file query-v2.pdb (PDB, C-alpha atoms)
ATOM      1  CA  MET A  12      10.047 -82.883-118.534
ATOM      2  CA  GLY A  13      12.859 -85.230-117.457
ATOM      3  CA  LEU A  14      12.699 -87.529-114.483
ATOM      4  CA  GLY A  15      14.569 -86.616-111.299
ATOM      5  CA  ILE A  16      17.004 -88.552-109.161
ATOM      6  CA  GLY A  17      14.202 -90.372-107.357
ATOM      7  CA  ALA A  18      12.846 -91.741-110.622
ATOM      8  CA  LEU A  19      16.331 -92.811-111.681
ATOM      9  CA  VAL A  20      16.717 -94.798-108.461
ATOM     10  CA  GLU A  21      13.329 -96.444-108.995
ATOM     11  CA  THR A  22      13.915 -97.505-112.608
ATOM     12  CA  MET A  23      17.620 -98.318-112.564
ATOM     13  CA  LYS A  24      19.620-100.702-110.372
ATOM     14  CA  LEU A  25      23.365-100.291-110.706
ATOM     15  CA  LEU A  26      26.079-102.856-109.938
ATOM     16  CA  MET A  27      29.599-101.397-109.712
ATOM     17  CA  VAL A  28      32.312-103.967-110.419
ATOM     18  CA  PHE A  29      36.054-103.702-109.818
ATOM     19  CA  PRO A  30      38.787-105.481-111.809
ATOM     20  CA  GLY A  31      41.809-107.138-110.231
ATOM     21  CA  GLN A  32      45.296-108.191-111.238
ATOM     22  CA  GLY A  33      45.694-108.351-115.009
ATOM     23  CA  SER A  34      43.977-105.040-115.792
ATOM     24  CA  GLN A  35      47.104-102.992-115.054
ATOM     25  CA  SER A  36      49.108-101.344-117.833
ATOM     26  CA  LEU A  37      51.790 -98.686-118.070
ATOM     27  CA  ALA A  38      50.360 -95.125-117.975
ATOM     28  CA  MET A  39      46.905 -96.552-117.220
ATOM     29  CA  MET A  40      45.837 -93.450-115.278
ATOM     30  CA  ALA A  41      46.871 -90.922-117.948
ATOM     31  CA  ALA A  42      43.384 -91.103-119.476
ATOM     32  CA  TYR A  43      41.759 -89.642-116.353
ATOM     33  CA  GLN A  44      42.242 -85.901-116.792
ATOM     34  CA  GLY A  45      40.331 -83.227-114.888
ATOM     35  CA  LEU A  46      39.272 -85.500-112.031
ATOM     36  CA  PRO A  47      40.648 -84.250-108.686
ATOM     37  CA  ALA A  48      39.496 -87.364-106.812
ATOM     38  CA  ILE A  49      41.981 -89.475-108.792
ATOM     39  CA  GLN A  50      45.054 -87.560-107.653
ATOM     40  CA  GLN A  51      43.716 -87.178-104.116
ATOM     41  CA  THR A  52      43.220 -90.921-103.751
ATOM     42  CA  PHE A  53      46.669 -91.722-105.101
ATOM     43  CA  GLU A  54      48.220 -89.253-102.662
ATOM     44  CA  GLU A  55      46.298 -90.839 -99.768
ATOM     45  CA  ALA A  56      47.485 -94.297-100.796
ATOM     46  CA  SER A  57      51.088 -93.225-101.269
ATOM     47  CA  ASP A  58      51.080 -91.710 -97.770
ATOM     48  CA  SER A  59      49.591 -94.907 -96.320
ATOM     49  CA  LEU A  60      52.201 -97.301 -97.726
ATOM     50  CA  GLN A  61      55.066 -94.848 -98.273
ATOM     51  CA  GLN A  62      55.242 -95.738-101.961
ATOM     52  CA  ASP A  63      54.705 -93.446-104.956
ATOM     53  CA  PHE A  64      51.845 -95.245-106.684
ATOM     54  CA  TRP A  65      51.295 -92.494-109.256
ATOM     55  CA  LYS A  66      54.909 -92.764-110.431
ATOM     56  CA  LEU A  67      54.602 -96.561-110.538
ATOM     57  CA  ALA A  68      51.415 -96.368-112.635
ATOM     58  CA  GLU A  69      52.739 -93.743-115.041
ATOM     59  CA  GLN A  70      56.415 -94.644-115.357
ATOM     60  CA  GLY A  71      56.733 -98.256-114.263
ATOM     61  CA  PRO A  72      58.993 -99.879-115.264
ATOM     62  CA  VAL A  73      56.669-102.597-116.559
ATOM     63  CA  GLU A  74      58.541-105.347-114.696
ATOM     64  CA  LYS A  75      57.974-103.558-111.402
ATOM     65  CA  LEU A  76      54.374-102.699-112.304
ATOM     66  CA  ASN A  77      53.636-106.391-112.903
ATOM     67  CA  GLN A  78      55.169-107.695-109.671
ATOM     68  CA  THR A  79      52.338-109.083-107.550
ATOM     69  CA  VAL A  80      53.422-107.129-104.460
ATOM     70  CA  ASN A  81      53.087-103.891-106.457
ATOM     71  CA  THR A  82      50.216-104.761-108.785
ATOM     72  CA  GLN A  83      47.705-105.683-106.101
ATOM     73  CA  PRO A  84      47.894-102.458-104.033
ATOM     74  CA  LEU A  85      48.165-100.394-107.223
ATOM     75  CA  MET A  86      44.983-101.892-108.696
ATOM     76  CA  LEU A  87      43.209-101.333-105.378
ATOM     77  CA  VAL A  88      44.194 -97.647-105.478
ATOM     78  CA  ALA A  89      43.228 -97.225-109.135
ATOM     79  CA  ASP A  90      39.820 -98.887-108.734
ATOM     80  CA  VAL A  91      38.924 -96.838-105.658
ATOM     81  CA  ALA A  92      40.202 -93.606-107.245
ATOM     82  CA  ILE A  93      37.969 -94.084-110.287
ATOM     83  CA  TYR A  94      34.972 -94.867-108.096
ATOM     84  CA  ARG A  95      35.599 -91.722-106.050
ATOM     85  CA  ALA A  96      35.820 -89.714-109.280
ATOM     86  CA  TRP A  97      32.426 -91.167-110.246
ATOM     87  CA  GLN A  98      31.052 -90.059-106.889
ATOM     88  CA  GLN A  99      32.619 -86.600-107.227
ATOM     89  CA  LEU A 100      30.904 -86.132-110.588
ATOM     90  CA  GLY A 101      27.561 -86.965-109.001
ATOM     91  CA  GLY A 102      27.275 -90.477-110.409
ATOM     92  CA  ALA A 103      24.491 -92.775-109.285
ATOM     93  CA  VAL A 104      25.008 -94.818-106.110
ATOM     94  CA  PRO A 105      25.156 -98.566-106.835
ATOM     95  CA  VAL A 106      22.778-100.966-105.116
ATOM     96  CA  LEU A 107      25.483-103.661-105.151
ATOM     97  CA  THR A 108      29.232-103.928-105.651
ATOM     98  CA  ALA A 109      31.465-106.844-106.628
ATOM     99  CA  GLY A 110      35.104-107.315-107.548
ATOM    100  CA  HIS A 111      37.001-109.938-109.499
ATOM    101  CA  SER A 112      39.644-111.602-107.302
ATOM    102  CA  LEU A 113      41.767-108.752-105.867
ATOM    103  CA  GLY A 114      38.935-106.457-107.034
ATOM    104  CA  GLU A 115      36.863-107.691-104.103
ATOM    105  CA  TYR A 116      38.879-105.366-101.851
ATOM    106  CA  PRO A 117      38.040-102.109-103.693
ATOM    107  CA  ALA A 118      34.451-103.400-103.830
ATOM    108  CA  LEU A 119      34.487-103.646-100.030
ATOM    109  CA  VAL A 120      35.973-100.134 -99.775
ATOM    110  CA  ALA A 121      33.278 -98.756-102.096
ATOM    111  CA  GLY A 122      30.643-100.673-100.150
ATOM    112  CA  GLY A 123      31.730 -99.036 -96.897
ATOM    113  CA  ALA A 124      32.940-102.258 -95.271
ATOM    114  CA  LEU A 125      36.627-101.319 -95.212
ATOM    115  CA  ALA A 126      38.741 -98.140 -95.135
ATOM    116  CA  LEU A 127      41.174 -97.650 -98.012
ATOM    117  CA  ALA A 128      44.241 -97.386 -95.749
ATOM    118  CA  ASP A 129      43.370-100.639 -93.962
ATOM    119  CA  ALA A 130      42.677-102.374 -97.268
ATOM    120  CA  LEU A 131      46.027-101.254 -98.667
ATOM    121  CA  ARG A 132      48.032-102.568 -95.745
ATOM    122  CA  PHE A 133      46.278-105.922 -95.858
ATOM    123  CA  VAL A 134      46.480-106.271 -99.647
ATOM    124  CA  ARG A 135      50.236-105.684 -99.560
ATOM    125  CA  ARG A 136      50.563-108.499 -97.000
ATOM    126  CA  ARG A 137      48.215-110.666 -99.087
ATOM    127  CA  ALA A 138      50.360-110.206-102.180
ATOM    128  CA  GLU A 139      53.541-111.056-100.269
ATOM    129  CA  ALA A 140      51.974-114.196 -98.782
ATOM    130  CA  MET A 141      50.728-115.341-102.202
ATOM    131  CA  GLN A 142      54.143-114.851-103.801
ATOM    132  CA  GLN A 143      55.876-116.712-100.968
ATOM    133  CA  ALA A 144      53.410-119.625-100.946
ATOM    134  CA  VAL A 145      54.577-120.917-104.326
ATOM    135  CA  PRO A 146      58.176-120.220-105.418
ATOM    136  CA  GLU A 147      58.776-118.504-108.754
ATOM    137  CA  GLY A 148      58.514-121.001-111.611
ATOM    138  CA  VAL A 149      56.702-123.701-109.621
ATOM    139  CA  GLY A 150      53.158-122.508-110.279
ATOM    140  CA  ALA A 151      51.289-121.255-113.336
ATOM    141  CA  ILE A 152      47.918-119.914-114.381
ATOM    142  CA  ALA A 153      46.270-120.263-117.801
ATOM    143  CA  ALA A 154      43.104-119.485-119.728
ATOM    144  CA  ILE A 155      41.004-122.030-121.602
ATOM    145  CA  VAL A 156      38.466-120.693-124.088
ATOM    146  CA  GLY A 157      35.827-122.679-125.935
ATOM    147  CA  LEU A 158      35.055-125.518-123.516
ATOM    148  CA  ASP A 159      32.275-125.623-120.949
ATOM    149  CA  ASP A 160      32.940-125.564-117.213
ATOM    150  CA  ALA A 161      32.374-129.271-116.643
ATOM    151  CA  ALA A 162      34.794-130.200-119.430
ATOM    152  CA  VAL A 163      37.522-127.996-117.936
ATOM    153  CA  VAL A 164      36.999-129.424-114.443
ATOM    154  CA  ALA A 165      37.247-132.939-115.887
ATOM    155  CA  LEU A 166      40.421-132.299-117.871
ATOM    156  CA  CYS A 167      42.052-130.716-114.803
ATOM    157  CA  ALA A 168      41.446-133.947-112.880
ATOM    158  CA  GLU A 169      42.964-135.902-115.751
ATOM    159  CA  ALA A 170      45.996-133.594-116.104
ATOM    160  CA  ALA A 171      46.853-133.422-112.403
ATOM    161  CA  GLU A 172      48.552-136.845-112.112
ATOM    162  CA  ASP A 173      50.682-136.495-108.949
ATOM    163  CA  GLN A 174      50.421-132.691-108.946
ATOM    164  CA  LEU A 175      47.592-130.162-108.782
ATOM    165  CA  VAL A 176      45.677-128.141-111.351
ATOM    166  CA  GLU A 177      42.206-126.734-110.681
ATOM    167  CA  ALA A 178      39.651-124.354-112.143
ATOM    168  CA  ALA A 179      40.471-120.945-110.647
ATOM    169  CA  ASN A 180      38.128-118.457-112.356
ATOM    170  CA  PHE A 181      34.758-119.182-113.958
ATOM    171  CA  ASN A 182      34.855-115.942-115.952
ATOM    172  CA  CYS A 183      32.060-116.302-118.490
ATOM    173  CA  PRO A 184      30.453-119.098-120.516
ATOM    174  CA  GLY A 185      33.268-120.798-122.403
ATOM    175  CA  GLN A 186      36.115-119.086-120.539
ATOM    176  CA  VAL A 187      37.730-120.721-117.520
ATOM    177  CA  VAL A 188      41.098-119.947-115.935
ATOM    178  CA  VAL A 189      43.011-122.844-114.401
ATOM    179  CA  ALA A 190      45.868-122.727-111.900
ATOM    180  CA  GLY A 191      48.266-125.071-110.150
ATOM    181  CA  HIS A 192      51.690-126.634-110.605
ATOM    182  CA  LYS A 193      53.226-125.425-113.861
ATOM    183  CA  ALA A 194      53.726-128.889-115.393
ATOM    184  CA  ALA A 195      50.141-129.895-114.561
ATOM    185  CA  VAL A 196      48.785-126.646-116.023
ATOM    186  CA  GLU A 197      50.750-127.297-119.221
ATOM    187  CA  ARG A 198      49.318-130.832-119.418
ATOM    188  CA  ALA A 199      45.825-129.372-118.966
ATOM    189  CA  LEU A 200      46.410-126.993-121.870
ATOM    190  CA  GLU A 201      47.494-129.828-124.155
ATOM    191  CA  ILE A 202      44.398-131.854-123.278
ATOM    192  CA  ALA A 203      42.197-128.775-123.783
ATOM    193  CA  LYS A 204      43.603-128.237-127.279
ATOM    194  CA  LYS A 205      42.977-131.871-128.205
ATOM    195  CA  ARG A 206      39.378-131.528-127.018
ATOM    196  CA  GLY A 207      38.633-128.529-129.196
ATOM    197  CA  ALA A 208      39.435-125.476-127.094
ATOM    198  CA  ARG A 209      39.631-122.373-129.279
ATOM    199  CA  ARG A 210      42.432-120.981-127.118
ATOM    200  CA  ALA A 211      44.530-122.485-124.337
ATOM    201  CA  LEU A 212      47.401-120.320-123.177
ATOM    202  CA  LEU A 213      49.536-119.508-120.161
ATOM    203  CA  LEU A 214      48.938-116.104-118.570
ATOM    204  CA  PRO A 215      51.818-113.798-117.541
ATOM    205  CA  MET A 216      51.359-114.395-113.805
ATOM    206  CA  SER A 217      53.606-116.622-111.700
ATOM    207  CA  VAL A 218      51.224-116.906-108.739
ATOM    208  CA  PRO A 219      48.600-119.674-109.164
ATOM    209  CA  SER A 220      45.760-117.760-107.543
ATOM    210  CA  HIS A 221      42.472-119.287-106.381
ATOM    211  CA  CYS A 222      43.583-122.897-106.178
ATOM    212  CA  SER A 223      44.559-125.175-103.305
ATOM    213  CA  LEU A 224      48.223-124.152-103.574
ATOM    214  CA  MET A 225      47.168-120.859-101.967
ATOM    215  CA  GLN A 226      45.935-122.504 -98.761
ATOM    216  CA  PRO A 227      49.286-121.861 -96.985
ATOM    217  CA  ALA A 228      48.959-118.174 -97.878
ATOM    218  CA  ALA A 229      45.431-118.101 -96.467
ATOM    219  CA  GLU A 230      46.637-119.713 -93.230
ATOM    220  CA  LYS A 231      49.532-117.262 -93.009
ATOM    221  CA  LEU A 232      47.113-114.339 -93.418
ATOM    222  CA  SER A 233      44.543-115.653 -90.945
ATOM    223  CA  ASP A 234      45.622-113.466 -88.009
ATOM    224  CA  ALA A 235      45.941-110.344 -90.147
ATOM    225  CA  LEU A 236      42.524-111.013 -91.650
ATOM    226  CA  GLN A 237      40.964-111.410 -88.204
ATOM    227  CA  ALA A 238      42.520-108.077 -87.199
ATOM    228  CA  LEU A 239      41.219-106.311 -90.317
ATOM    229  CA  PRO A 240      38.679-103.668 -89.174
ATOM    230  CA  LEU A 241      35.757-104.805 -91.312
ATOM    231  CA  ARG A 242      32.208-103.596 -90.727
ATOM    232  CA  ALA A 243      28.811-104.336 -92.189
ATOM    233  CA  PRO A 244      28.690-102.691 -95.631
ATOM    234  CA  SER A 245      26.323 -99.853 -96.460
ATOM    235  CA  ILE A 246      26.227-101.215-100.040
ATOM    236  CA  PRO A 247      26.074-105.036-100.197
ATOM    237  CA  VAL A 248      29.063-106.776-101.804
ATOM    238  CA  ILE A 249      28.607-109.983-103.812
ATOM    239  CA  GLN A 250      31.653-112.028-102.826
ATOM    240  CA  ASN A 251      33.695-114.258-105.131
ATOM    241  CA  VAL A 252      33.734-117.493-103.220
ATOM    242  CA  ASP A 253      29.985-118.118-103.044
ATOM    243  CA  ALA A 254      28.397-115.339-105.177
ATOM    244  CA  ARG A 255      26.436-114.141-102.148
ATOM    245  CA  THR A 256      26.199-110.960-100.116
ATOM    246  CA  HIS A 257      27.107-111.086 -96.432
ATOM    247  CA  GLY A 258      25.757-108.706 -93.823
ATOM    248  CA  SER A 259      28.241-109.096 -90.984
ATOM    249  CA  ALA A 260      31.969-108.451 -90.652
ATOM    250  CA  ASP A 261      32.545-112.062 -89.521
ATOM    251  CA  GLU A 262      30.832-113.477 -92.622
ATOM    252  CA  ILE A 263      32.792-111.153 -94.929
ATOM    253  CA  GLN A 264      36.042-112.128 -93.215
ATOM    254  CA  HIS A 265      35.306-115.845 -93.628
ATOM    255  CA  ALA A 266      34.507-115.364 -97.317
ATOM    256  CA  LEU A 267      37.792-113.470 -97.822
ATOM    257  CA  PHE A 268      39.730-116.276 -96.115
ATOM    258  CA  ARG A 269      38.206-118.885 -98.428
ATOM    259  CA  GLN A 270      38.599-116.650-101.500
ATOM    260  CA  LEU A 271      42.366-117.144-101.760
ATOM    261  CA  SER A 272      42.267-120.887-102.351
ATOM    262  CA  ASN A 273      38.878-121.251-104.075
ATOM    263  CA  PRO A 274      37.698-120.250-107.555
ATOM    264  CA  VAL A 275      36.273-116.864-108.500
ATOM    265  CA  ARG A 276      32.632-117.512-109.408
ATOM    266  CA  TRP A 277      32.172-114.530-111.716
ATOM    267  CA  VAL A 278      29.385-116.030-113.837
ATOM    268  CA  GLU A 279      27.358-116.731-110.695
ATOM    269  CA  THR A 280      28.174-113.245-109.372
ATOM    270  CA  ILE A 281      26.591-111.557-112.389
ATOM    271  CA  GLN A 282      23.683-114.011-112.325
ATOM    272  CA  GLU A 283      23.096-113.130-108.654
ATOM    273  CA  ALA A 284      23.093-109.430-109.543
ATOM    274  CA  ALA A 285      20.493-110.118-112.226
ATOM    275  CA  ARG A 286      18.409-112.078-109.719
ATOM    276  CA  GLN A 287      18.449-109.012-107.477
ATOM    277  CA  GLY A 288      17.135-106.829-110.291
ATOM    278  CA  VAL A 289      20.317-105.138-111.522
ATOM    279  CA  THR A 290      19.804-103.381-114.861
ATOM    280  CA  HIS A 291      23.190-101.683-115.368
ATOM    281  CA  ILE A 292      26.816-102.659-114.652
ATOM    282  CA  LEU A 293      29.733-100.233-114.594
ATOM    283  CA  GLU A 294      33.379-101.328-114.364
ATOM    284  CA  SER A 295      35.348 -99.046-112.054
ATOM    285  CA  GLY A 296      38.924 -99.572-113.119
ATOM    286  CA  PRO A 297      41.390 -99.130-115.961
ATOM    287  CA  GLY A 298      40.585-101.267-118.984
ATOM    288  CA  LYS A 299      37.460-103.116-120.062
ATOM    289  CA  VAL A 300      38.109-106.752-119.117
ATOM    290  CA  LEU A 301      35.081-107.269-116.870
ATOM    291  CA  THR A 302      32.748-105.384-119.203
ATOM    292  CA  GLY A 303      33.482-107.887-121.957
ATOM    293  CA  LEU A 304      32.823-110.802-119.599
ATOM    294  CA  ASN A 305      29.630-109.257-118.237
ATOM    295  CA  LYS A 306      28.133-108.803-121.705
ATOM    296  CA  ARG A 307      28.726-112.466-122.469
ATOM    297  CA  ILE A 308      27.157-113.561-119.193
ATOM    298  CA  ASP A 309      23.962-111.494-119.481
ATOM    299  CA  ALA A 310      23.213-109.630-122.699
ATOM    300  CA  THR A 311      20.089-108.026-121.203
ATOM    301  CA  MET A 312      22.075-105.735-118.891
ATOM    302  CA  GLN A 313      23.532-102.386-119.937
ATOM    303  CA  CYS A 314      27.306-102.662-119.375
ATOM    304  CA  ALA A 315      29.994 -99.998-119.640
ATOM    305  CA  SER A 316      33.533 -99.409-118.415
ATOM    306  CA  LEU A 317      34.853 -96.256-116.748
ATOM    307  CA  HIS A 318      38.187 -96.521-118.568
ATOM    308  CA  ASP A 319      38.801 -92.768-119.015
ATOM    309  CA  THR A 320      37.281 -89.387-118.176
ATOM    310  CA  GLU A 321      35.063 -89.370-121.247
ATOM    311  CA  ALA A 322      33.767 -92.850-120.377
ATOM    312  CA  LEU A 323      32.710 -91.611-116.924
ATOM    313  CA  ARG A 324      30.729 -88.780-118.496
ATOM    314  CA  LYS A 325      29.186 -91.087-121.116
ATOM    315  CA  ALA A 326      28.092 -93.508-118.387
ATOM    316  CA  MET A 327      26.381 -90.681-116.519
ATOM    317  CA  THR A 328      24.567 -89.716-119.735
ATOM    318  CA  MET A 329      23.551 -93.356-120.326
ATOM    319  CA  LEU A 330      21.964 -93.581-116.887
ATOM    320  CA  ALA A 331      20.247 -90.210-117.278
ATOM    321  CA  GLN A 332      18.782 -91.277-120.630
ATOM    322  CA  HIS A 333      17.518 -94.471-119.027
ATOM    323  CA  ALA A 334      15.767 -92.368-116.408
ATOM    324  CA  GLN A 335      14.153 -90.155-119.038
ATOM    325  CA  ALA A 336      12.990 -93.161-121.034
ATOM    326  CA  ASN A 337      11.367 -94.718-117.983
TER     327      ASN A 337
END
call {"tool": "encode", "arguments": {"input": "query-v2.pdb", "output": "structure tokens"}}
result
Amino acid sequence: MGLGIGALVETMKLLMVFPGQGSQSLAMMAAYQGLPAIQQTFEEASDSLQQDFWKLAEQGPVEKLNQTVNTQPLMLVADVAIYRAWQQLGGAVPVLTAGHSLGEYPALVAGGALALADALRFVRRRAEAMQQAVPEGVGAIAAIVGLDDAAVVALCAEAAEDQLVEAANFNCPGQVVVAGHKAAVERALEIAKKRGARRALLLPMSVPSHCSLMQPAAEKLSDALQALPLRAPSIPVIQNVDARTHGSADEIQHALFRQLSNPVRWVETIQEAARQGVTHILESGPGKVLTGLNKRIDATMQCASLHDTEALRKAMTMLAQHAQAN
């Protein structure tokens, strides 16, 4: 005789994670057939911002899809839609949520700290402020693979000269994203290659997120952030800037303010989830970027992505089998 829902809750602790900018692709929602919550969420979002997000996701064009002011609200909608589809299918309730960069906002929506409509309006303003903070062509962001964190931090200091380049995302062991002035980022890549990096390449994003160049954007957003109707989450959210959960709206707000100009501590986020007893991680979003990172951070956890309808059903089966085995 199989175990019931109560046993599943006792033996399994689920972290739901949400990807951010970079996981978008043309027709990324086409794989989610037969899930009414997907279309319903997109309609709600389109009404909120008076923009056809479904058409943007399915038809692009790619240039428009990849513009920061469009990508950020679109990824928020997609992540939340997939999570709602998971809920509609009867999927297990996570004990924690977390999101990578922009993904922190759908994590807060899923955690009950923020309404989708409020999140959308703020994220659109956030994207505009980020784009305006550093003019097109001035900033850059790049990935360095094959060097440890300390080595990347050191080479950034060496490459900066009279400009700025900093570690922006600590994604997994041996993978760090750096951001700053374009020339300084390019110098950092050259140094990384000389020091044995397996890969060192610019990413197709003009906004140097999560470095000190974003401080003007954070200041510009301060009033809007203070007006954001946050509340204590019903599901704790591990936040990027310090890899901790925060119980009050004020603490969440402060962490979001600091998030823009400080690095995403994804390795520490997954380590914190493990410390809290998480056994399974599901990625609620198109693509599988975070799932690959999570497996490299902690091979003991069961990780899966909800990248299409079949993946949602397989994840439900995986959790049910875990319950039966325990």
call {"tool": "closest_atom_pairs", "arguments": {"input": "query-v2.pdb", "of": "region 217-331 of chain A", "to": "region 160-169 of chain A", "cutoff": "12 Å", "atoms": "only C-alpha atoms", "output": "Markdown table"}}
result
| residue | atom | partner | partner_atom | distance |
| --- | --- | --- | --- | --- |
| A:Cys222 | CA | A:Cys167 | CA | 11.7 |
| A:Pro274 | CA | A:Val164 | CA | 11.5 |
| A:Arg276 | CA | A:Asp160 | CA | 11.2 |
| A:Val278 | CA | A:Asp160 | CA | 10.7 |
call {"tool": "resolve_selection", "arguments": {"input": "query-v2.pdb", "expression": "the PyMOL selection byres ((chain A and resi 77) around 12)", "output": "list in words"}}
result
Gln32, Gly33, Ser34, Gln35, Ser36, Leu37, Leu67, Ala68, Gly71, Pro72, Val73, Glu74, Lys75, Leu76, Gln78, Thr79, Val80, Asn81, Thr82, Gln83, Pro84, Leu85, Met86, Ala138, Pro215, Met216, Ser217 and Val218 of chain A
call {"tool": "closest_residue", "arguments": {"input": "query-v2.pdb", "among": "A:Leu317, A:Val188, A:Leu125, A:Ala195", "to": "Arg210 (chain A)", "atoms": "only C-alpha atoms"}}
result
A:Val188
call {"tool": "resolve_selection", "arguments": {"input": "query-v2.pdb", "expression": "the PyMOL selection byres ((chain A and resi 308) around 7)", "output": "ChimeraX atom specification"}}
result
/A:183-184,278,304-307,309-310
call {"tool": "closest_residue", "arguments": {"input": "query-v2.pdb", "among": "A:Pro240, A:Pro30, A:Pro146, A:Pro219", "to": "Ala128 (chain A)", "atoms": "all atoms listed in the file"}}
result
A:Pro240
call {"tool": "residues_around", "arguments": {"input": "query-v2.pdb", "residues": "Phe29 (chain A)", "least_positions_apart": "2", "cutoff": "12 Å", "atoms": "all atoms listed in the file", "output": "PyMOL selection string"}}
result
chain A and resi 26-27+31-34+86-94+107-122+248-251+277+292-302+305+316-318
call {"tool": "atom_distance", "arguments": {"input": "query-v2.pdb", "atom1": "CA of Gly303 (chain A)", "atom2": "CA of His257 (chain A)"}}
result
26.5 Å
call {"tool": "resolve_selection", "arguments": {"input": "query-v2.pdb", "expression": "the PyMOL selection byres ((chain A and resi 270) around 9)", "output": "ChimeraX atom specification"}}
result
/A:112,221,229,250-253,265-269,271-275
call {"tool": "residues_around", "arguments": {"input": "query-v2.pdb", "residues": "Ala260 (chain A)", "least_positions_apart": "5", "cutoff": "7 Å", "atoms": "only C-alpha atoms", "output": "PyMOL selection string"}}
result
chain A and resi 241-243
call {"tool": "write_last_selection", "arguments": {"input": "query-v2.pdb", "atoms": "C-alpha atoms", "output": "PDB file, in the coordinates of the input"}}
result
ATOM      1  CA  LEU A 241      35.757-104.805 -91.312  1.00  0.00           C
ATOM      2  CA  ARG A 242      32.208-103.596 -90.727  1.00  0.00           C
ATOM      3  CA  ALA A 243      28.811-104.336 -92.189  1.00  0.00           C
TER       4      ALA A 243
END
call {"tool": "atom_distance", "arguments": {"input": "query-v2.pdb", "atom1": "CA of Gln62 (chain A)", "atom2": "CA of Gln44 (chain A)"}}
result
22.0 Å
call {"tool": "residues_around", "arguments": {"input": "query-v2.pdb", "residues": "region 325-327 of chain A", "least_positions_apart": "2", "cutoff": "8 Å", "atoms": "all atoms listed in the file", "output": "VMD selection string"}}
result
chain A and resid 102 to 103 293 315 317 321 to 323 329 to 331
call {"tool": "closest_residue", "arguments": {"input": "query-v2.pdb", "among": "A:Glu283, A:Asn182, A:Leu131, A:Met23", "to": "Glu55 (chain A)", "atoms": "all atoms listed in the file"}}
result
A:Leu131
call {"tool": "closest_residue", "arguments": {"input": "query-v2.pdb", "among": "A:Ile263, A:Met39, A:Ala171, A:Ala208", "to": "Ile155 (chain A)", "atoms": "all atoms listed in the file"}}
result
A:Ala208
call {"tool": "atom_distance", "arguments": {"input": "query-v2.pdb", "atom1": "CA of Met40 (chain A)", "atom2": "CA of Arg136 (chain A)"}}
result
24.1 Å
call {"tool": "closest_residue", "arguments": {"input": "query-v2.pdb", "among": "A:Gly207, A:Gly191, A:Gly101, A:Gly288", "to": "Ala151 (chain A)", "atoms": "all atoms listed in the file"}}
result
A:Gly191
call {"tool": "closest_residue", "arguments": {"input": "query-v2.pdb", "among": "A:Lys24, A:Arg95, A:Arg137, A:His333", "to": "Gln51 (chain A)", "atoms": "all atoms listed in the file"}}
result
A:Arg95
call {"tool": "residues_near_point", "arguments": {"input": "query-v2.pdb", "point": "(46.1, -128.8, -103.7)", "cutoff": "9 Å", "atoms": "only C-alpha atoms", "output": "short mmCIF file (atom, residue, chain, number, x, y, z; two decimals) with C-alpha atoms, in the coordinates of the input"}}
result
data_model
loop_
_atom_site.label_atom_id
_atom_site.label_comp_id
_atom_site.auth_asym_id
_atom_site.auth_seq_id
_atom_site.Cartn_x
_atom_site.Cartn_y
_atom_site.Cartn_z
CA GLN A 174 50.42 -132.69 -108.95
CA LEU A 175 47.59 -130.16 -108.78
CA VAL A 176 45.68 -128.14 -111.35
CA GLU A 177 42.21 -126.73 -110.68
CA GLY A 191 48.27 -125.07 -110.15
CA CYS A 222 43.58 -122.90 -106.18
CA SER A 223 44.56 -125.18 -103.30
CA LEU A 224 48.22 -124.15 -103.57
CA MET A 225 47.17 -120.86 -101.97
CA GLN A 226 45.94 -122.50 -98.76
CA SER A 272 42.27 -120.89 -102.35
#
call {"tool": "decode", "arguments": {"input": "query-v2.pdb", "residues": "region 240-262 of chain A", "atoms": "C-alpha atoms", "output": "PDB file, in the first residue's frame"}}
result
ATOM      1  CA  PRO A 240       3.039  45.862  -1.144  1.00  0.00           C
ATOM      2  CA  LEU A 241       5.202  43.075   0.255  1.00  0.00           C
ATOM      3  CA  ARG A 242       4.059  40.832   3.094  1.00  0.00           C
ATOM      4  CA  ALA A 243       5.582  38.062   5.149  1.00  0.00           C
ATOM      5  CA  PRO A 244       5.746  34.971   2.916  1.00  0.00           C
ATOM      6  CA  SER A 245       3.760  31.825   3.628  1.00  0.00           C
ATOM      7  CA  ILE A 246       6.639  29.860   2.039  1.00  0.00           C
ATOM      8  CA  PRO A 247      10.094  31.191   3.013  1.00  0.00           C
ATOM      9  CA  VAL A 248      12.214  32.606   0.177  1.00  0.00           C
ATOM     10  CA  ILE A 249      16.007  32.239   0.206  1.00  0.00           C
ATOM     11  CA  GLN A 250      17.183  35.586  -1.152  1.00  0.00           C
ATOM     12  CA  ASN A 251      20.115  36.144  -3.508  1.00  0.00           C
ATOM     13  CA  VAL A 252      22.074  38.773  -1.673  1.00  0.00           C
ATOM     14  CA  ASP A 253      22.751  36.864   1.548  1.00  0.00           C
ATOM     15  CA  ALA A 254      21.383  33.323   0.928  1.00  0.00           C
ATOM     16  CA  ARG A 255      19.019  33.726   3.879  1.00  0.00           C
ATOM     17  CA  THR A 256      15.276  33.698   4.419  1.00  0.00           C
ATOM     18  CA  HIS A 257      13.616  36.824   5.790  1.00  0.00           C
ATOM     19  CA  GLY A 258      10.372  36.837   7.731  1.00  0.00           C
ATOM     20  CA  SER A 259       9.251  40.449   7.446  1.00  0.00           C
ATOM     21  CA  ALA A 260       8.321  42.685   4.521  1.00  0.00           C
ATOM     22  CA  ASP A 261      10.947  45.258   5.587  1.00  0.00           C
ATOM     23  CA  GLU A 262      13.739  42.659   5.558  1.00  0.00           C
TER      24      GLU A 262
END
